[in-house]
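Raw upload.cif, mmCIF, N, CA and C atoms and all ligand atoms:
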```
data_target
#
loop_
_atom_site.label_atom_id
_atom_site.label_comp_id
_atom_site.auth_asym_id
_atom_site.auth_seq_id
_atom_site.Cartn_x
_atom_site.Cartn_y
_atom_site.Cartn_z
N MET T 1 0.85 -1.20 0.00
CA MET T 1 0.00 0.00 0.00
C MET T 1 0.88 1.25 0.00
N SER T 2 0.54 2.19 -0.81
CA SER T 2 1.31 3.43 -0.77
C SER T 2 0.36 4.58 -0.46
N TRP T 3 0.66 5.27 0.61
CA TRP T 3 -0.12 6.41 1.04
C TRP T 3 0.65 7.68 0.76
N ASN T 4 -0.06 8.71 0.39
CA ASN T 4 0.58 10.00 0.17
C ASN T 4 0.62 10.80 1.46
N TYR T 5 1.45 10.37 2.37
CA TYR T 5 1.55 11.11 3.62
C TYR T 5 2.26 12.43 3.41
N ASN T 6 1.75 13.42 4.06
CA ASN T 6 2.45 14.70 4.10
C ASN T 6 3.76 14.48 4.84
N PRO T 7 4.88 14.84 4.21
CA PRO T 7 6.17 14.59 4.88
C PRO T 7 6.33 15.35 6.19
N LEU T 8 5.51 16.39 6.42
CA LEU T 8 5.60 17.14 7.67
C LEU T 8 4.92 16.39 8.81
N VAL T 9 4.10 15.43 8.46
CA VAL T 9 3.36 14.70 9.48
C VAL T 9 4.25 13.60 10.06
N THR T 10 4.47 13.64 11.36
CA THR T 10 5.29 12.63 12.00
C THR T 10 4.38 11.56 12.60
N ASP T 11 5.00 10.48 13.06
CA ASP T 11 4.23 9.43 13.70
C ASP T 11 3.47 9.96 14.91
N ALA T 12 4.04 10.95 15.58
CA ALA T 12 3.42 11.49 16.79
C ALA T 12 2.13 12.25 16.48
N SER T 13 1.95 12.68 15.24
CA SER T 13 0.71 13.38 14.91
C SER T 13 -0.08 12.63 13.83
N THR T 14 0.19 11.34 13.70
CA THR T 14 -0.56 10.50 12.78
C THR T 14 -1.45 9.56 13.58
N ALA T 15 -2.74 9.68 13.38
CA ALA T 15 -3.67 8.83 14.10
C ALA T 15 -3.83 7.52 13.34
N SER T 16 -3.56 6.42 14.00
CA SER T 16 -3.72 5.13 13.34
C SER T 16 -5.06 4.51 13.70
N ARG T 17 -5.70 5.02 14.76
CA ARG T 17 -6.97 4.46 15.21
C ARG T 17 -7.76 5.56 15.92
N ILE T 18 -9.01 5.71 15.54
CA ILE T 18 -9.86 6.72 16.17
C ILE T 18 -11.15 6.04 16.60
N HIS T 19 -11.51 6.23 17.85
CA HIS T 19 -12.74 5.62 18.33
C HIS T 19 -13.52 6.63 19.15
N ALA T 20 -14.68 7.01 18.62
CA ALA T 20 -15.56 7.91 19.36
C ALA T 20 -16.62 7.07 20.05
N ASP T 21 -16.66 7.18 21.37
CA ASP T 21 -17.65 6.45 22.16
C ASP T 21 -18.73 7.44 22.59
N ARG T 22 -19.83 7.44 21.86
CA ARG T 22 -20.87 8.43 22.14
C ARG T 22 -21.50 8.22 23.51
N ALA T 23 -21.69 6.95 23.89
CA ALA T 23 -22.33 6.66 25.17
C ALA T 23 -21.47 7.17 26.33
N ALA T 24 -20.18 6.90 26.25
CA ALA T 24 -19.28 7.33 27.32
C ALA T 24 -18.87 8.79 27.17
N GLY T 25 -19.09 9.34 25.99
CA GLY T 25 -18.68 10.72 25.75
C GLY T 25 -17.17 10.87 25.70
N THR T 26 -16.50 9.92 25.06
CA THR T 26 -15.04 10.00 24.96
C THR T 26 -14.59 9.81 23.53
N LEU T 27 -13.43 10.35 23.24
CA LEU T 27 -12.78 10.15 21.96
C LEU T 27 -11.40 9.58 22.23
N GLN T 28 -11.15 8.40 21.67
CA GLN T 28 -9.84 7.77 21.86
C GLN T 28 -9.08 7.80 20.55
N ILE T 29 -7.82 8.13 20.64
CA ILE T 29 -6.97 8.15 19.46
C ILE T 29 -5.73 7.31 19.74
N GLY T 30 -5.47 6.36 18.86
CA GLY T 30 -4.21 5.62 18.92
C GLY T 30 -3.28 6.21 17.87
N TRP T 31 -2.06 6.55 18.29
CA TRP T 31 -1.13 7.23 17.39
C TRP T 31 -0.17 6.24 16.76
N ALA T 32 0.38 6.65 15.62
CA ALA T 32 1.29 5.77 14.89
C ALA T 32 2.55 5.45 15.68
N ASP T 33 2.91 6.30 16.63
CA ASP T 33 4.09 6.01 17.46
C ASP T 33 3.74 5.19 18.69
N GLY T 34 2.48 4.73 18.78
CA GLY T 34 2.09 3.84 19.87
C GLY T 34 1.43 4.54 21.04
N HIS T 35 1.41 5.87 21.04
CA HIS T 35 0.80 6.60 22.14
C HIS T 35 -0.73 6.52 22.05
N GLU T 36 -1.38 6.63 23.21
CA GLU T 36 -2.84 6.61 23.26
C GLU T 36 -3.34 7.89 23.91
N THR T 37 -4.34 8.48 23.32
CA THR T 37 -4.93 9.69 23.88
C THR T 37 -6.42 9.48 24.05
N THR T 38 -6.94 9.85 25.22
CA THR T 38 -8.38 9.80 25.43
C THR T 38 -8.87 11.18 25.87
N TYR T 39 -9.77 11.72 25.09
CA TYR T 39 -10.40 12.99 25.44
C TYR T 39 -11.81 12.73 25.95
N ASP T 40 -12.18 13.42 27.03
CA ASP T 40 -13.61 13.43 27.34
C ASP T 40 -14.24 14.56 26.54
N ALA T 41 -15.54 14.44 26.30
CA ALA T 41 -16.21 15.35 25.38
C ALA T 41 -16.13 16.80 25.83
N VAL T 42 -16.19 17.03 27.14
CA VAL T 42 -16.15 18.40 27.63
C VAL T 42 -14.80 19.05 27.32
N THR T 43 -13.73 18.32 27.60
CA THR T 43 -12.39 18.84 27.28
C THR T 43 -12.27 19.12 25.80
N LEU T 44 -12.79 18.20 25.00
CA LEU T 44 -12.71 18.35 23.55
C LEU T 44 -13.49 19.59 23.08
N ARG T 45 -14.65 19.79 23.67
CA ARG T 45 -15.47 20.95 23.27
C ARG T 45 -14.75 22.26 23.56
N TRP T 46 -14.08 22.31 24.70
CA TRP T 46 -13.35 23.53 25.08
C TRP T 46 -12.19 23.80 24.14
N LEU T 47 -11.70 22.78 23.46
CA LEU T 47 -10.58 22.95 22.54
C LEU T 47 -11.03 23.39 21.15
N CYS T 48 -12.31 23.49 20.92
CA CYS T 48 -12.81 23.75 19.57
C CYS T 48 -12.06 24.93 18.93
N PRO T 49 -11.40 24.66 17.81
CA PRO T 49 -10.54 25.69 17.22
C PRO T 49 -11.25 26.57 16.18
N CYS T 50 -12.55 26.46 16.04
CA CYS T 50 -13.23 27.18 14.97
C CYS T 50 -13.28 28.68 15.25
N ALA T 51 -13.55 29.46 14.23
CA ALA T 51 -13.54 30.92 14.35
C ALA T 51 -14.60 31.41 15.33
N PHE T 52 -15.73 30.74 15.36
CA PHE T 52 -16.80 31.13 16.27
C PHE T 52 -16.36 30.96 17.73
N CYS T 53 -15.77 29.82 18.03
CA CYS T 53 -15.39 29.53 19.41
C CYS T 53 -14.13 30.28 19.83
N ARG T 54 -13.17 30.38 18.93
CA ARG T 54 -11.87 30.95 19.26
C ARG T 54 -11.76 32.43 18.94
N GLY T 55 -12.66 32.90 18.06
CA GLY T 55 -12.55 34.28 17.60
C GLY T 55 -11.61 34.39 16.44
N GLU T 56 -11.65 35.51 15.76
CA GLU T 56 -10.73 35.74 14.65
C GLU T 56 -10.56 37.23 14.46
N ALA T 57 -9.49 37.60 13.75
CA ALA T 57 -9.19 39.01 13.47
C ALA T 57 -9.21 39.84 14.75
N GLY T 58 -8.65 39.27 15.83
CA GLY T 58 -8.54 40.03 17.07
C GLY T 58 -9.80 40.05 17.91
N MET T 59 -10.88 39.48 17.38
CA MET T 59 -12.13 39.44 18.15
C MET T 59 -12.13 38.20 19.02
N PRO T 60 -12.55 38.34 20.29
CA PRO T 60 -12.63 37.15 21.14
C PRO T 60 -13.72 36.20 20.65
N GLY T 61 -13.51 34.92 20.88
CA GLY T 61 -14.50 33.92 20.47
C GLY T 61 -15.49 33.64 21.58
N TRP T 62 -16.45 32.82 21.22
CA TRP T 62 -17.49 32.47 22.17
C TRP T 62 -16.92 31.80 23.42
N LEU T 63 -15.97 30.89 23.23
CA LEU T 63 -15.40 30.19 24.38
C LEU T 63 -14.59 31.13 25.27
N ASP T 64 -14.11 32.22 24.70
CA ASP T 64 -13.35 33.19 25.50
C ASP T 64 -14.23 33.87 26.54
N SER T 65 -15.56 33.84 26.32
CA SER T 65 -16.47 34.45 27.29
C SER T 65 -16.77 33.48 28.43
N ARG T 66 -16.04 32.35 28.45
CA ARG T 66 -16.21 31.35 29.51
C ARG T 66 -17.67 30.99 29.74
N PRO T 67 -18.34 30.56 28.69
CA PRO T 67 -19.76 30.23 28.84
C PRO T 67 -19.93 28.96 29.68
N THR T 68 -21.10 28.81 30.26
CA THR T 68 -21.45 27.55 30.90
C THR T 68 -21.98 26.63 29.82
N LEU T 69 -21.29 25.54 29.58
CA LEU T 69 -21.68 24.66 28.48
C LEU T 69 -22.83 23.77 28.92
N SER T 70 -23.83 23.70 28.07
CA SER T 70 -24.98 22.85 28.37
C SER T 70 -24.64 21.40 28.02
N PRO T 71 -25.40 20.45 28.56
CA PRO T 71 -25.16 19.05 28.21
C PRO T 71 -25.20 18.81 26.69
N ASP T 72 -26.09 19.53 26.00
CA ASP T 72 -26.15 19.38 24.55
C ASP T 72 -24.86 19.83 23.87
N GLN T 73 -24.30 20.91 24.41
CA GLN T 73 -23.12 21.48 23.78
C GLN T 73 -21.87 20.63 23.99
N THR T 74 -21.92 19.71 24.93
CA THR T 74 -20.77 18.84 25.17
C THR T 74 -21.11 17.38 24.87
N ARG T 75 -22.20 17.18 24.13
CA ARG T 75 -22.57 15.81 23.77
C ARG T 75 -22.03 15.52 22.37
N LEU T 76 -21.18 14.50 22.31
CA LEU T 76 -20.56 14.10 21.06
C LEU T 76 -21.58 13.29 20.25
N VAL T 77 -21.98 13.82 19.10
CA VAL T 77 -22.98 13.15 18.28
C VAL T 77 -22.33 12.35 17.16
N ASP T 78 -21.29 12.93 16.57
CA ASP T 78 -20.66 12.29 15.43
C ASP T 78 -19.24 12.83 15.28
N VAL T 79 -18.39 12.06 14.66
CA VAL T 79 -17.03 12.53 14.37
C VAL T 79 -16.70 12.21 12.93
N GLN T 80 -16.42 13.23 12.16
CA GLN T 80 -16.05 13.06 10.76
C GLN T 80 -14.54 13.18 10.61
N LEU T 81 -13.99 12.33 9.76
CA LEU T 81 -12.58 12.45 9.43
C LEU T 81 -12.43 13.48 8.31
N VAL T 82 -11.51 14.41 8.49
CA VAL T 82 -11.26 15.43 7.47
C VAL T 82 -9.91 15.13 6.84
N GLY T 83 -9.94 14.56 5.66
CA GLY T 83 -8.68 14.14 5.03
C GLY T 83 -7.94 13.20 5.96
N GLN T 84 -6.62 13.36 6.01
CA GLN T 84 -5.82 12.55 6.93
C GLN T 84 -5.24 13.39 8.03
N TYR T 85 -5.75 14.61 8.18
CA TYR T 85 -5.06 15.49 9.10
C TYR T 85 -5.94 16.01 10.23
N ALA T 86 -7.23 15.78 10.18
CA ALA T 86 -8.09 16.40 11.20
C ALA T 86 -9.37 15.59 11.38
N ILE T 87 -10.08 15.89 12.48
CA ILE T 87 -11.42 15.38 12.67
C ILE T 87 -12.35 16.56 12.93
N ALA T 88 -13.63 16.39 12.58
CA ALA T 88 -14.62 17.42 12.82
C ALA T 88 -15.77 16.79 13.60
N PRO T 89 -15.82 17.02 14.91
CA PRO T 89 -16.92 16.47 15.71
C PRO T 89 -18.21 17.26 15.47
N THR T 90 -19.32 16.57 15.56
CA THR T 90 -20.62 17.24 15.58
C THR T 90 -21.16 17.13 17.00
N TRP T 91 -21.61 18.27 17.53
CA TRP T 91 -22.07 18.33 18.92
C TRP T 91 -23.59 18.33 18.99
N GLY T 92 -24.10 18.06 20.19
CA GLY T 92 -25.53 17.94 20.39
C GLY T 92 -26.30 19.21 20.05
N ASP T 93 -25.63 20.37 20.08
CA ASP T 93 -26.30 21.62 19.72
C ASP T 93 -26.19 21.92 18.23
N GLY T 94 -25.62 20.98 17.46
CA GLY T 94 -25.51 21.17 16.02
C GLY T 94 -24.19 21.78 15.57
N HIS T 95 -23.35 22.18 16.53
CA HIS T 95 -22.08 22.80 16.18
C HIS T 95 -21.16 21.76 15.53
N HIS T 96 -20.56 22.12 14.40
CA HIS T 96 -19.72 21.13 13.72
C HIS T 96 -18.62 21.79 12.90
N THR T 97 -18.32 23.05 13.18
CA THR T 97 -17.38 23.77 12.34
C THR T 97 -15.94 23.72 12.85
N GLY T 98 -15.72 22.98 13.93
CA GLY T 98 -14.36 22.89 14.45
C GLY T 98 -13.58 21.76 13.81
N TYR T 99 -12.49 22.10 13.12
CA TYR T 99 -11.60 21.08 12.56
C TYR T 99 -10.42 20.93 13.51
N TYR T 100 -10.41 19.83 14.21
CA TYR T 100 -9.34 19.57 15.17
C TYR T 100 -8.23 18.81 14.43
N THR T 101 -7.12 19.47 14.19
CA THR T 101 -6.03 18.75 13.53
C THR T 101 -5.43 17.74 14.51
N PHE T 102 -4.87 16.68 13.95
CA PHE T 102 -4.24 15.68 14.81
C PHE T 102 -3.06 16.27 15.57
N ALA T 103 -2.39 17.21 14.93
CA ALA T 103 -1.28 17.86 15.62
C ALA T 103 -1.76 18.56 16.89
N LEU T 104 -2.91 19.22 16.78
CA LEU T 104 -3.49 19.88 17.95
C LEU T 104 -3.89 18.85 19.00
N LEU T 105 -4.56 17.80 18.54
CA LEU T 105 -5.06 16.80 19.48
C LEU T 105 -3.92 16.12 20.22
N ARG T 106 -2.82 15.88 19.50
CA ARG T 106 -1.67 15.26 20.16
C ARG T 106 -1.00 16.26 21.11
N ASP T 107 -0.93 17.50 20.66
CA ASP T 107 -0.27 18.52 21.47
C ASP T 107 -0.99 18.73 22.80
N ARG T 108 -2.30 18.64 22.79
CA ARG T 108 -3.08 18.89 24.01
C ARG T 108 -3.46 17.61 24.74
N CYS T 109 -2.85 16.49 24.36
CA CYS T 109 -3.16 15.21 24.99
C CYS T 109 -3.19 15.36 26.51
N PRO T 110 -4.33 14.99 27.13
CA PRO T 110 -4.47 15.22 28.57
C PRO T 110 -3.87 14.12 29.46
N CYS T 111 -3.20 13.14 28.88
CA CYS T 111 -2.68 12.05 29.72
C CYS T 111 -1.54 12.55 30.61
N GLU T 112 -1.22 11.77 31.64
CA GLU T 112 -0.23 12.19 32.62
C GLU T 112 1.14 12.42 32.00
N ALA T 113 1.53 11.54 31.10
CA ALA T 113 2.86 11.66 30.50
C ALA T 113 2.98 12.95 29.71
N CYS T 114 1.95 13.28 28.96
CA CYS T 114 2.00 14.50 28.15
C CYS T 114 1.88 15.74 29.02
N ALA T 115 1.08 15.65 30.08
CA ALA T 115 0.97 16.77 31.00
C ALA T 115 2.33 17.05 31.64
N ALA T 116 3.05 15.98 31.98
CA ALA T 116 4.38 16.12 32.57
C ALA T 116 5.35 16.72 31.56
N ARG T 117 5.20 16.31 30.29
CA ARG T 117 6.07 16.83 29.25
C ARG T 117 5.88 18.34 29.07
N ARG T 118 4.62 18.79 29.23
CA ARG T 118 4.34 20.21 29.06
C ARG T 118 4.70 21.03 30.30
N ALA T 119 4.82 20.37 31.45
CA ALA T 119 4.99 21.07 32.72
C ALA T 119 6.22 21.98 32.77
N PRO T 120 7.40 21.55 32.25
CA PRO T 120 8.57 22.43 32.34
C PRO T 120 8.32 23.82 31.76
N ASP T 121 7.51 23.92 30.72
CA ASP T 121 7.19 25.22 30.15
C ASP T 121 6.46 26.10 31.16
N ALA T 122 5.54 25.49 31.88
CA ALA T 122 4.78 26.24 32.87
C ALA T 122 5.70 26.71 33.99
N ASP T 123 6.65 25.85 34.40
CA ASP T 123 7.57 26.22 35.49
C ASP T 123 8.48 27.37 35.10
N ARG T 124 8.75 27.49 33.82
CA ARG T 124 9.69 28.51 33.38
C ARG T 124 9.12 29.93 33.55
N ALA T 125 7.81 30.02 33.54
CA ALA T 125 7.21 31.34 33.71
C ALA T 125 7.58 31.89 35.08
N PRO T 126 8.15 33.08 35.12
CA PRO T 126 8.68 33.61 36.39
C PRO T 126 7.60 34.18 37.28
N ILE T 127 6.61 33.40 37.57
CA ILE T 127 5.54 33.82 38.46
C ILE T 127 5.66 33.02 39.75
N ARG T 128 5.01 33.46 40.79
CA ARG T 128 4.95 32.71 42.04
C ARG T 128 6.31 32.58 42.70
N ARG T 129 7.23 33.51 42.50
CA ARG T 129 8.50 33.47 43.21
C ARG T 129 8.65 34.75 43.99
N ALA T 130 7.63 35.06 44.78
CA ALA T 130 7.59 36.35 45.44
C ALA T 130 8.39 36.37 46.73
N THR T 131 8.82 35.21 47.23
CA THR T 131 9.51 35.20 48.52
C THR T 131 10.96 35.63 48.36
N HIS T 132 11.44 36.40 49.31
CA HIS T 132 12.83 36.84 49.29
C HIS T 132 13.70 35.95 50.16
N ALA T 133 13.10 34.99 50.78
CA ALA T 133 13.85 34.08 51.64
C ALA T 133 14.69 33.14 50.80
N GLY T 134 15.97 33.05 51.10
CA GLY T 134 16.84 32.11 50.40
C GLY T 134 17.22 32.62 49.02
N HIS T 135 18.29 32.08 48.49
CA HIS T 135 18.75 32.49 47.17
C HIS T 135 18.22 31.53 46.13
N ALA T 136 17.85 32.04 45.00
CA ALA T 136 17.39 31.17 43.92
C ALA T 136 18.61 30.53 43.26
N HIS T 137 18.74 29.22 43.36
CA HIS T 137 19.91 28.56 42.77
C HIS T 137 19.87 28.61 41.26
N GLY T 138 18.68 28.65 40.71
CA GLY T 138 18.53 28.52 39.26
C GLY T 138 19.12 29.68 38.48
N THR T 139 19.15 30.88 39.04
CA THR T 139 19.49 32.06 38.26
C THR T 139 20.92 32.06 37.75
N ASP T 140 21.85 31.38 38.45
CA ASP T 140 23.25 31.40 38.02
C ASP T 140 23.46 30.85 36.62
N THR T 141 22.63 29.94 36.22
CA THR T 141 22.87 29.24 34.96
C THR T 141 22.24 29.93 33.76
N VAL T 142 21.43 30.92 33.97
CA VAL T 142 20.60 31.43 32.89
C VAL T 142 21.40 32.09 31.77
N THR T 143 22.43 32.91 32.12
CA THR T 143 23.06 33.74 31.12
C THR T 143 24.30 33.14 30.47
N THR T 144 24.73 31.97 30.93
CA THR T 144 26.03 31.45 30.46
C THR T 144 26.07 31.21 28.96
N THR T 145 25.03 30.66 28.40
CA THR T 145 25.08 30.36 26.96
C THR T 145 25.10 31.64 26.14
N ALA T 146 24.41 32.67 26.59
CA ALA T 146 24.39 33.92 25.84
C ALA T 146 25.79 34.53 25.77
N LYS T 147 26.54 34.47 26.88
CA LYS T 147 27.90 35.01 26.90
C LYS T 147 28.80 34.25 25.93
N GLU T 148 28.70 32.94 25.96
CA GLU T 148 29.59 32.14 25.14
C GLU T 148 29.37 32.40 23.65
N SER T 149 28.15 32.67 23.28
CA SER T 149 27.87 32.83 21.85
C SER T 149 28.52 34.11 21.29
N HIS T 150 28.96 35.00 22.16
CA HIS T 150 29.60 36.23 21.67
C HIS T 150 31.06 36.07 21.38
N ARG T 151 31.65 34.99 21.87
CA ARG T 151 33.09 34.84 21.70
C ARG T 151 33.47 34.33 20.33
ZN ZN Z 201 -16.39 25.84 17.53
ZN ZN Z 202 -0.48 11.69 26.00
#
```
Any chance you could give the structure as structure tokens?
Ligand SMILES: [Zn+2]
Ligand SMILES: [Zn+2]
Amino acid sequence: MSWNYNPLVTDASTASRIHADRAAGTLQIGWADGHETTYDAVTLRWLCPCAFCRGEAGMPGWLDSRPTLSPDQTRLVDVQLVGQYAIAPTWGDGHHTGYYTFALLRDRCPCEACAARRAPDADRAPIRRATHAGHAHGTDTVTTTAKESHR
């Protein structure tokens, strides 16, 4: 079999198996690199990347207003495959304009391993270090690479 895979698509963003469980309200994705991702419908709805939900041209989207989602709005009715790169869920309220790319779905994978992988980015944000007690050991290492690159 020869498939015309986009060369930019890696195993980590290639879905080899997709299973939408309407009764349980979950979407499971098995990835070509062996990873498994399970989304619950509510989490998936909040990720909707469409212009209505996310906004466009600098305008905030509907989800930016932090609405209270009704059971209909988080009920997974159907999932359509869009080419080989995305899925488009249909929700109980009829919303179906969100194309969730596999890259997005893998990037936001809610499993523990992926959450841990994303955690270092969150720690890097210099917030929550308001105490003056003790010296921060981390700061000594920050500038060394910048200095070396000038030599
Ligand atoms: Zn949407
Ligand atoms: Zn994961």
Contacts of T:Leu69 at 12 Å (only C-alpha atoms; same-chain gap of 5+ positions) as an NGL selection string: :T and (41-43 or 45-46 or 62-63 or 74-75 or 91-93)
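Near ligand ZN 202 (chain Z), at distances of 6 Å or less and with only N, CA and C atoms and all ligand atoms counted, sit the residues Glu36, Thr37, Cys109, Pro110, Cys111, Glu112, Ala113, Cys114 and Ala115 of chain T.
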Each chain T residue no farther than 10 Å from ligand ZN 201 (chain Z), nearest pair in Å, only C-alpha atoms and all ligand atoms, as a tab-separated table:
```
residue	atom	partner	partner_atom	distance
T:Arg45	CA	Z:ZN201	ZN	7.6
T:Trp46	CA	Z:ZN201	ZN	8.5
T:Leu47	CA	Z:ZN201	ZN	8.2
T:Cys48	CA	Z:ZN201	ZN	4.6
T:Pro49	CA	Z:ZN201	ZN	5.9
T:Cys50	CA	Z:ZN201	ZN	4.3
T:Ala51	CA	Z:ZN201	ZN	6.6
T:Phe52	CA	Z:ZN201	ZN	5.5
T:Cys53	CA	Z:ZN201	ZN	4.3
T:Arg54	CA	Z:ZN201	ZN	7.0
T:Gly55	CA	Z:ZN201	ZN	9.3
T:Gly61	CA	Z:ZN201	ZN	8.8
T:Trp62	CA	Z:ZN201	ZN	8.2
T:Leu63	CA	Z:ZN201	ZN	8.2
T:Ala88	CA	Z:ZN201	ZN	9.8
T:Pro89	CA	Z:ZN201	ZN	9.6
T:Thr90	CA	Z:ZN201	ZN	9.8
T:Trp91	CA	Z:ZN201	ZN	9.5
T:His95	CA	Z:ZN201	ZN	6.6
T:His96	CA	Z:ZN201	ZN	6.9
T:Thr97	CA	Z:ZN201	ZN	5.7
T:Gly98	CA	Z:ZN201	ZN	4.7
T:Tyr99	CA	Z:ZN201	ZN	8.4
T:Tyr100	CA	Z:ZN201	ZN	9.7
```
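Taking atom CA of T:Asp11 and atom C of T:Arg108 as endpoints, the distance between them is 15.7 Å.
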One decimal, in Å: what's the spacing between atom C of T:Thr10 and atom N of T:Ala57? 29.5 Å
With distances taken over only C-alpha atoms, which of T:Ile29, T:Leu44, T:Val77, T:Ala23 is nearest to T:Arg106? T:Ile29
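Distances here use only C-alpha atoms; by that measure, the residue among T:Ser65, T:Thr101, T:Gln84, T:Thr38 closest to T:Ala20 is T:Thr38.
Between atom CA of T:Ser16 and atom CA of T:Trp31 the separation is 5.2 Å.
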